[in-house]
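Okay, start20.tsv is below, TSV, C-alpha atoms:
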```tsv
chain	number	residue	atom	x	y	z
P	1	MET	CA	-27.86	19.02	-7.12
P	2	THR	CA	-29.08	15.66	-5.78
P	3	ASP	CA	-27.17	13.34	-3.49
P	4	LEU	CA	-26.91	10.90	-6.37
P	5	ASN	CA	-25.23	13.56	-8.49
P	6	ASN	CA	-22.87	14.38	-5.65
P	7	SER	CA	-22.09	10.71	-5.28
P	8	ASN	CA	-21.47	10.37	-9.03
P	9	LEU	CA	-19.21	13.40	-8.97
P	10	GLN	CA	-17.16	11.80	-6.20
P	11	VAL	CA	-16.86	8.55	-8.18
P	12	LEU	CA	-15.70	10.51	-11.22
P	13	LYS	CA	-13.23	12.48	-9.12
P	14	ASP	CA	-11.84	9.28	-7.59
P	15	LEU	CA	-11.61	7.58	-11.00
P	16	ASN	CA	-9.81	10.57	-12.51
P	17	ALA	CA	-7.36	10.79	-9.59
P	18	PHE	CA	-6.77	7.03	-9.79
P	19	GLY	CA	-6.10	7.33	-13.55
P	20	GLU	CA	-3.61	10.14	-12.97
P	21	ASP	CA	-1.80	8.09	-10.35
P	22	LEU	CA	-1.62	5.16	-12.78
P	23	SER	CA	-0.22	7.47	-15.47
P	24	PHE	CA	2.38	8.67	-12.97
P	25	LEU	CA	3.27	5.03	-12.25
P	26	ASN	CA	3.62	4.09	-15.93
P	27	GLY	CA	5.54	7.25	-16.77
P	28	SER	CA	7.95	6.92	-13.86
P	29	MET	CA	8.58	3.18	-13.99
P	30	LYS	CA	12.26	3.48	-14.95
P	31	ILE	CA	13.01	5.71	-11.96
P	32	LEU	CA	10.77	3.69	-9.67
P	33	LYS	CA	12.57	0.47	-10.63
P	34	LYS	CA	15.87	1.94	-9.53
P	35	LYS	CA	14.52	3.12	-6.21
P	36	PHE	CA	11.88	0.52	-5.39
P	37	GLY	CA	12.87	-2.56	-7.43
P	38	ASP	CA	11.00	-5.70	-6.34
P	39	LYS	CA	8.93	-3.80	-3.80
P	40	PHE	CA	5.22	-3.05	-3.53
P	41	ILE	CA	4.46	0.65	-3.55
P	42	VAL	CA	1.43	2.79	-2.75
P	43	ILE	CA	0.88	5.89	-4.91
P	44	LYS	CA	-1.54	8.69	-4.12
P	45	ASP	CA	-1.67	12.18	-5.64
P	46	LYS	CA	1.26	11.27	-7.92
P	47	LYS	CA	3.56	10.56	-4.98
P	48	VAL	CA	4.99	7.31	-3.65
P	49	ILE	CA	3.56	7.18	-0.15
P	50	SER	CA	5.07	3.91	1.03
P	51	ALA	CA	7.01	0.86	-0.09
P	52	GLY	CA	7.37	-2.63	1.33
P	53	ASP	CA	8.57	-6.14	0.62
P	54	THR	CA	4.97	-7.34	0.86
P	55	ILE	CA	1.72	-5.74	-0.25
P	56	ASP	CA	0.46	-5.80	3.35
P	57	GLU	CA	3.57	-3.96	4.57
P	58	ALA	CA	3.18	-1.20	1.95
P	59	ILE	CA	-0.55	-0.82	2.63
P	60	THR	CA	-0.19	-0.76	6.41
P	61	ASP	CA	2.48	1.91	6.19
P	62	ALA	CA	0.37	4.06	3.83
P	63	SER	CA	-2.67	3.72	6.11
P	64	LYS	CA	-0.59	4.88	9.07
P	65	ARG	CA	0.27	7.97	7.02
P	66	GLY	CA	-3.44	8.72	6.66
P	67	VAL	CA	-3.89	7.60	3.06
P	68	ASP	CA	-7.18	5.97	2.02
P	69	VAL	CA	-5.51	2.92	0.48
P	70	GLY	CA	-8.78	1.80	-1.10
P	71	LYS	CA	-8.53	4.72	-3.52
P	72	ALA	CA	-4.75	4.61	-4.01
P	73	VAL	CA	-2.72	2.78	-6.64
P	74	VAL	CA	-0.98	-0.24	-5.13
P	75	GLU	CA	1.51	-1.88	-7.47
P	76	PHE	CA	4.51	-4.17	-7.57
P	77	VAL	CA	7.63	-2.69	-9.17
P	78	PRO	CA	9.59	-5.59	-10.66
P	79	LYS	CA	13.35	-5.29	-11.16
P	80	LYS	CA	12.86	-7.71	-14.03
P	81	GLU	CA	9.46	-8.27	-15.63
P	82	LYS	CA	7.79	-11.66	-15.27
P	83	VAL	CA	6.34	-12.26	-18.73
P	84	LEU	CA	3.09	-14.11	-19.32
P	85	ILE	CA	1.18	-14.79	-22.52
P	86	LEU	CA	-2.52	-14.91	-21.69
Y	1	MET	CA	-20.90	5.46	-24.98
Y	2	ASP	CA	-17.17	5.40	-25.64
Y	3	VAL	CA	-15.10	4.29	-22.68
Y	4	PRO	CA	-11.42	5.07	-23.26
Y	5	LEU	CA	-8.99	2.17	-22.98
Y	6	TYR	CA	-5.26	2.61	-22.57
Y	7	GLU	CA	-2.06	0.63	-22.85
Y	8	GLY	CA	-0.14	-0.20	-19.73
Y	9	LYS	CA	2.43	-2.73	-18.64
Y	10	SER	CA	1.08	-5.81	-16.92
Y	11	LEU	CA	2.65	-9.25	-16.61
Y	12	GLY	CA	5.54	-8.19	-18.81
Y	13	PHE	CA	3.66	-6.85	-21.85
Y	14	ASP	CA	1.72	-3.77	-22.85
Y	15	ARG	CA	-1.91	-4.76	-22.31
Y	16	ILE	CA	-5.23	-3.07	-23.02
Y	17	LEU	CA	-6.43	-1.71	-19.71
Y	18	VAL	CA	-9.47	0.11	-18.38
Y	19	ASN	CA	-10.22	1.83	-15.09
Y	20	PHE	CA	-13.52	1.37	-13.30
Y	21	SER	CA	-15.18	1.73	-9.93
Y	22	LEU	CA	-16.86	-1.14	-8.14
Y	23	LYS	CA	-19.70	-0.47	-5.74
Y	24	PHE	CA	-19.93	-3.18	-3.08
Y	25	LYS	CA	-23.00	-3.04	-0.83
Y	26	SER	CA	-22.89	0.04	1.41
Y	27	LEU	CA	-19.16	0.70	0.92
Y	28	PRO	CA	-18.05	3.65	-1.20
Y	29	PRO	CA	-17.10	2.74	-4.79
Y	30	TYR	CA	-13.45	1.75	-5.06
Y	31	PRO	CA	-11.37	2.33	-8.22
Y	32	PHE	CA	-9.61	-0.55	-9.99
Y	33	SER	CA	-7.69	-1.08	-13.21
Y	34	ALA	CA	-8.15	-4.25	-15.24
Y	35	ILE	CA	-6.87	-5.98	-18.33
Y	36	VAL	CA	-9.59	-6.17	-20.98
Y	37	ASP	CA	-9.22	-9.74	-22.15
Y	38	THR	CA	-11.75	-11.29	-24.52
Y	39	GLY	CA	-10.05	-14.65	-23.93
Y	40	CYS	CA	-10.74	-14.60	-20.21
Y	41	PRO	CA	-14.08	-16.33	-19.52
Y	42	PHE	CA	-15.04	-14.27	-16.48
Y	43	THR	CA	-14.55	-10.89	-14.88
Y	44	PHE	CA	-12.56	-11.00	-11.70
Y	45	ILE	CA	-10.83	-8.83	-9.17
Y	46	SER	CA	-7.55	-10.14	-7.85
Y	47	GLU	CA	-7.05	-10.65	-4.14
Y	48	ASP	CA	-4.09	-8.25	-4.35
Y	49	SER	CA	-6.35	-5.52	-5.72
Y	50	LEU	CA	-8.79	-5.98	-2.85
Y	51	LYS	CA	-6.13	-5.39	-0.22
Y	52	GLY	CA	-6.77	-2.13	1.60
Y	53	LYS	CA	-10.41	-2.14	0.53
Y	54	ARG	CA	-12.97	-3.41	2.99
Y	55	ILE	CA	-14.58	-5.90	0.61
Y	56	PRO	CA	-14.69	-9.30	2.36
Y	57	TYR	CA	-13.84	-12.38	0.29
Y	58	SER	CA	-12.60	-15.17	2.58
Y	59	GLU	CA	-16.06	-16.70	3.13
Y	60	LEU	CA	-17.16	-16.62	-0.51
Y	61	LYS	CA	-18.24	-19.72	-2.41
Y	62	THR	CA	-15.63	-21.14	-4.80
Y	63	ILE	CA	-16.81	-21.88	-8.34
Y	64	ASP	CA	-16.82	-25.48	-9.61
Y	65	LYS	CA	-14.09	-24.85	-12.19
Y	66	SER	CA	-11.58	-23.67	-9.59
Y	67	PRO	CA	-8.68	-23.63	-9.48
Y	68	VAL	CA	-7.79	-21.95	-12.77
Y	69	SER	CA	-4.25	-21.20	-13.89
Y	70	LEU	CA	-2.86	-17.78	-14.68
Y	71	GLY	CA	0.54	-18.75	-16.07
Y	72	PHE	CA	2.10	-20.84	-13.34
Y	73	VAL	CA	-0.11	-19.44	-10.57
Y	74	LYS	CA	-3.25	-21.36	-9.62
Y	75	LEU	CA	-6.17	-19.17	-8.60
Y	76	ASP	CA	-9.17	-20.05	-6.53
Y	77	ILE	CA	-12.13	-18.25	-8.16
Y	78	ARG	CA	-14.79	-17.13	-5.70
Y	79	GLU	CA	-18.19	-15.57	-6.33
Y	80	LEU	CA	-18.42	-12.06	-4.97
Y	81	GLY	CA	-21.87	-11.50	-6.49
Y	82	ASN	CA	-23.73	-9.14	-8.77
Y	83	TYR	CA	-22.46	-5.60	-8.31
Y	84	LYS	CA	-22.43	-2.23	-9.99
Y	85	ILE	CA	-19.42	-1.24	-12.07
Y	86	PHE	CA	-18.91	2.35	-13.23
Y	87	PHE	CA	-16.78	3.45	-16.16
Y	88	ARG	CA	-15.94	7.00	-17.21
Y	89	ASP	CA	-16.71	7.76	-20.83
Y	90	ILE	CA	-15.02	10.32	-23.08
Y	91	ASN	CA	-17.59	12.94	-22.04
Y	92	ASN	CA	-16.69	12.46	-18.37
Y	93	GLN	CA	-20.04	10.77	-17.71
Y	94	LEU	CA	-20.41	7.67	-15.57
Y	95	ILE	CA	-21.61	4.56	-17.37
Y	96	GLU	CA	-23.13	1.98	-15.06
Y	97	PHE	CA	-23.34	-1.79	-15.48
Y	98	GLU	CA	-24.43	-4.54	-13.18
Y	99	HIS	CA	-22.39	-7.70	-13.47
Y	100	PRO	CA	-21.40	-10.88	-11.61
Y	101	ILE	CA	-17.96	-10.33	-10.16
Y	102	TYR	CA	-15.50	-12.98	-9.01
Y	103	VAL	CA	-12.40	-12.78	-6.85
Y	104	GLY	CA	-9.15	-14.53	-7.86
Y	105	VAL	CA	-7.23	-15.78	-4.85
Y	106	PRO	CA	-3.82	-17.40	-5.48
Y	107	LEU	CA	-3.49	-20.80	-3.83
Y	108	ILE	CA	0.21	-20.23	-3.19
Y	109	LYS	CA	1.19	-17.16	-1.23
Y	110	GLY	CA	4.44	-15.45	-2.12
Y	111	HIS	CA	4.12	-16.38	-5.81
Y	112	LEU	CA	6.56	-14.78	-8.22
Y	113	LEU	CA	4.17	-12.71	-10.33
Y	114	GLY	CA	4.23	-9.63	-8.11
Y	115	LYS	CA	0.73	-8.25	-8.21
Y	116	ILE	CA	-1.94	-10.27	-10.00
Y	117	PRO	CA	-4.09	-7.96	-12.17
Y	118	CYS	CA	-7.87	-7.78	-12.45
Y	119	PHE	CA	-9.64	-8.87	-15.65
Y	120	ILE	CA	-12.65	-7.63	-17.55
Y	121	GLY	CA	-13.53	-10.82	-19.38
Y	122	LYS	CA	-15.54	-12.15	-22.28
Y	123	ASP	CA	-18.60	-12.55	-20.02
Y	124	PHE	CA	-18.72	-8.79	-19.50
Y	125	ILE	CA	-18.20	-7.94	-23.18
Y	126	ASP	CA	-20.87	-10.42	-24.27
Y	127	LYS	CA	-23.51	-9.68	-21.64
Y	128	HIS	CA	-23.43	-5.92	-22.19
Y	129	LYS	CA	-22.99	-6.18	-25.98
Y	130	LEU	CA	-19.69	-4.31	-26.04
Y	131	SER	CA	-16.85	-4.26	-28.51
Y	132	ILE	CA	-13.35	-2.87	-28.56
Y	133	ILE	CA	-12.95	-0.43	-31.42
Y	134	THR	CA	-10.11	1.78	-32.60
Y	135	LYS	CA	-10.73	5.39	-33.64
Y	136	GLU	CA	-7.86	7.56	-34.79
Y	137	GLY	CA	-5.33	5.29	-33.09
Y	138	LYS	CA	-7.15	5.23	-29.75
Y	139	ARG	CA	-9.06	2.29	-28.34
Y	140	PHE	CA	-12.52	2.43	-26.80
Y	141	LEU	CA	-15.03	0.09	-25.27
Y	142	CYS	CA	-18.29	0.76	-27.13
Y	143	LYS	CA	-21.84	-0.53	-27.26
Y	144	GLU	CA	-22.49	-2.61	-30.38
```

What is this file in structure tokens?
Amino acid sequence: MTDLNNSNLQVLKDLNAFGEDLSFLNGSMKILKKKFGDKFIVIKDKKVISAGDTIDEAITDASKRGVDVGKAVVEFVPKKEKVLIL
Amino acid sequence: MDVPLYEGKSLGFDRILVNFSLKFKSLPPYPFSAIVDTGCPFTFISEDSLKGKRIPYSELKTIDKSPVSLGFVKLDIRELGNYKIFFRDINNQLIEFEHPIYVGVPLIKGHLLGKIPCFIGKDFIDKHKLSIITKEGKRFLCKE
């Protein structure tokens, strides 16, 4: 297998893991709102790794815990949705 | 190629979303999710989505039409450049595109939108001759 194939496999693996973490986020939103309402959270491997009042706070905390934040899901959990028509 | 799209909550509504990886220079590809919006003139990554990734954006050139409004938030649109984007198709194969990518930076910090999403815009759909089609109740991004 070539390096390119290995590299592609890693991209696929990261995309799949990212998709699963997003599914976890969407499927758990009700519970997450109760626990992390109006906070930014970092999710990796279907677990909430950190939470913070700002995105920087949540990311810094997750990094300290050894998570590669660049490949994690970072999202805001609103207590009440801000609605926008695009 | 059929790239699966999915519905997810963003800015208060269920939107059509897609996941992709962006390869920036020598950095490893980073995954993102984006709203697929044929009404959005360009494809951009939000500043919020770049946090934690090592992609620099503070020194980038701002486009002439900046700022643009996303609801009540004004965004500075900066040119990141032409980069590779990878999607996963239904056969678990990577589909690669090269496309000009912008970065959306809110002019006001601490805005009330929470996290600003990324957008795959009309420019991307048009340039790569793509369309959004529905098959058996599922949506896909397909080549025309």

Q.
Distance limit 10 Å, atoms considered: only C-alpha atoms. Which chain Y residues sit that close to chain P? Return them as a PyMOL selection string.
A. chain Y and resi 6-13+18-23+28-33+37+39-40+48-55+70-72+86-88+92-94+110+112-117

Output the selection as a CSV table (one decimal), in the coordinates of the input - C-alpha atoms for each residue.
```csv
chain,number,residue,atom,x,y,z
Y,6,TYR,CA,-5.3,2.6,-22.6
Y,7,GLU,CA,-2.1,0.6,-22.8
Y,8,GLY,CA,-0.1,-0.2,-19.7
Y,9,LYS,CA,2.4,-2.7,-18.6
Y,10,SER,CA,1.1,-5.8,-16.9
Y,11,LEU,CA,2.6,-9.2,-16.6
Y,12,GLY,CA,5.5,-8.2,-18.8
Y,13,PHE,CA,3.7,-6.8,-21.8
Y,18,VAL,CA,-9.5,0.1,-18.4
Y,19,ASN,CA,-10.2,1.8,-15.1
Y,20,PHE,CA,-13.5,1.4,-13.3
Y,21,SER,CA,-15.2,1.7,-9.9
Y,22,LEU,CA,-16.9,-1.1,-8.1
Y,23,LYS,CA,-19.7,-0.5,-5.7
Y,28,PRO,CA,-18.0,3.6,-1.2
Y,29,PRO,CA,-17.1,2.7,-4.8
Y,30,TYR,CA,-13.4,1.8,-5.1
Y,31,PRO,CA,-11.4,2.3,-8.2
Y,32,PHE,CA,-9.6,-0.6,-10.0
Y,33,SER,CA,-7.7,-1.1,-13.2
Y,37,ASP,CA,-9.2,-9.7,-22.2
Y,39,GLY,CA,-10.0,-14.6,-23.9
Y,40,CYS,CA,-10.7,-14.6,-20.2
Y,48,ASP,CA,-4.1,-8.2,-4.4
Y,49,SER,CA,-6.4,-5.5,-5.7
Y,50,LEU,CA,-8.8,-6.0,-2.8
Y,51,LYS,CA,-6.1,-5.4,-0.2
Y,52,GLY,CA,-6.8,-2.1,1.6
Y,53,LYS,CA,-10.4,-2.1,0.5
Y,54,ARG,CA,-13.0,-3.4,3.0
Y,55,ILE,CA,-14.6,-5.9,0.6
Y,70,LEU,CA,-2.9,-17.8,-14.7
Y,71,GLY,CA,0.5,-18.8,-16.1
Y,72,PHE,CA,2.1,-20.8,-13.3
Y,86,PHE,CA,-18.9,2.4,-13.2
Y,87,PHE,CA,-16.8,3.4,-16.2
Y,88,ARG,CA,-15.9,7.0,-17.2
Y,92,ASN,CA,-16.7,12.5,-18.4
Y,93,GLN,CA,-20.0,10.8,-17.7
Y,94,LEU,CA,-20.4,7.7,-15.6
Y,110,GLY,CA,4.4,-15.4,-2.1
Y,112,LEU,CA,6.6,-14.8,-8.2
Y,113,LEU,CA,4.2,-12.7,-10.3
Y,114,GLY,CA,4.2,-9.6,-8.1
Y,115,LYS,CA,0.7,-8.2,-8.2
Y,116,ILE,CA,-1.9,-10.3,-10.0
Y,117,PRO,CA,-4.1,-8.0,-12.2
```

(Q) The residues within 12 Å of (-5.6, -24.4, -7.5), using only C-alpha atoms and the coordinates of the file, should be reported as a list in words; which are they? (A)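 The answer, in the requested form, is Thr62, Ile63, Asp64, Lys65, Ser66, Pro67, Val68, Ser69, Leu70, Gly71, Phe72, Val73, Lys74, Leu75, Asp76, Ile77, Arg78, Gly104, Val105, Pro106, Leu107, Ile108 and Lys109 of chain Y.
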
Q: To one decimal in Å, tell me the separation between CA of His99 (chain Y) and CA of Glu79 (chain Y).
A: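 Distance between the two atoms: 11.4 Å.
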
Q. CA of Leu32 (chain P) to CA of Cys118 (chain Y): how many Å, to one decimal?
A.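 Computed distance, CA of Leu32 (chain P) to CA of Cys118 (chain Y), equals 22.1 Å.
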
Please determine an axis-aligned box that encloses all atoms of region 120-124 of chain Y listed in the file, with 8 Å added on each side, and express its centre and edge lengths in Å to one decimal as JSON.
```
{"center_x": -15.7, "center_y": -10.1, "center_z": -19.9, "size_x": 22.1, "size_y": 20.9, "size_z": 20.7}
```

Q: Would you mind telling me which residue in Y:Ile85, Y:Ile90, Y:Ile45, Y:Met1 lies nearest to Lys129 (chain Y) when using all atoms listed in the file?
A: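 With all atoms listed in the file as the atom set, the closest residue is Y:Met1.
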
(Q) Can you measure CA of Pro100 (chain Y) to CA of Leu141 (chain Y) for me? One decimal in Å is fine. (A)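 Result for CA of Pro100 (chain Y) versus CA of Leu141 (chain Y): 18.6 Å, one decimal.
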
Q: Find the spatial neighbours of Ile49 (chain P), counting all atoms listed in the file, within a cut-off of 9 Å - ignore same-chain residues fewer than 6 positions away - and output them as a ChimeraX atom specification.
A: /P:41-43,58,61-62,65,67
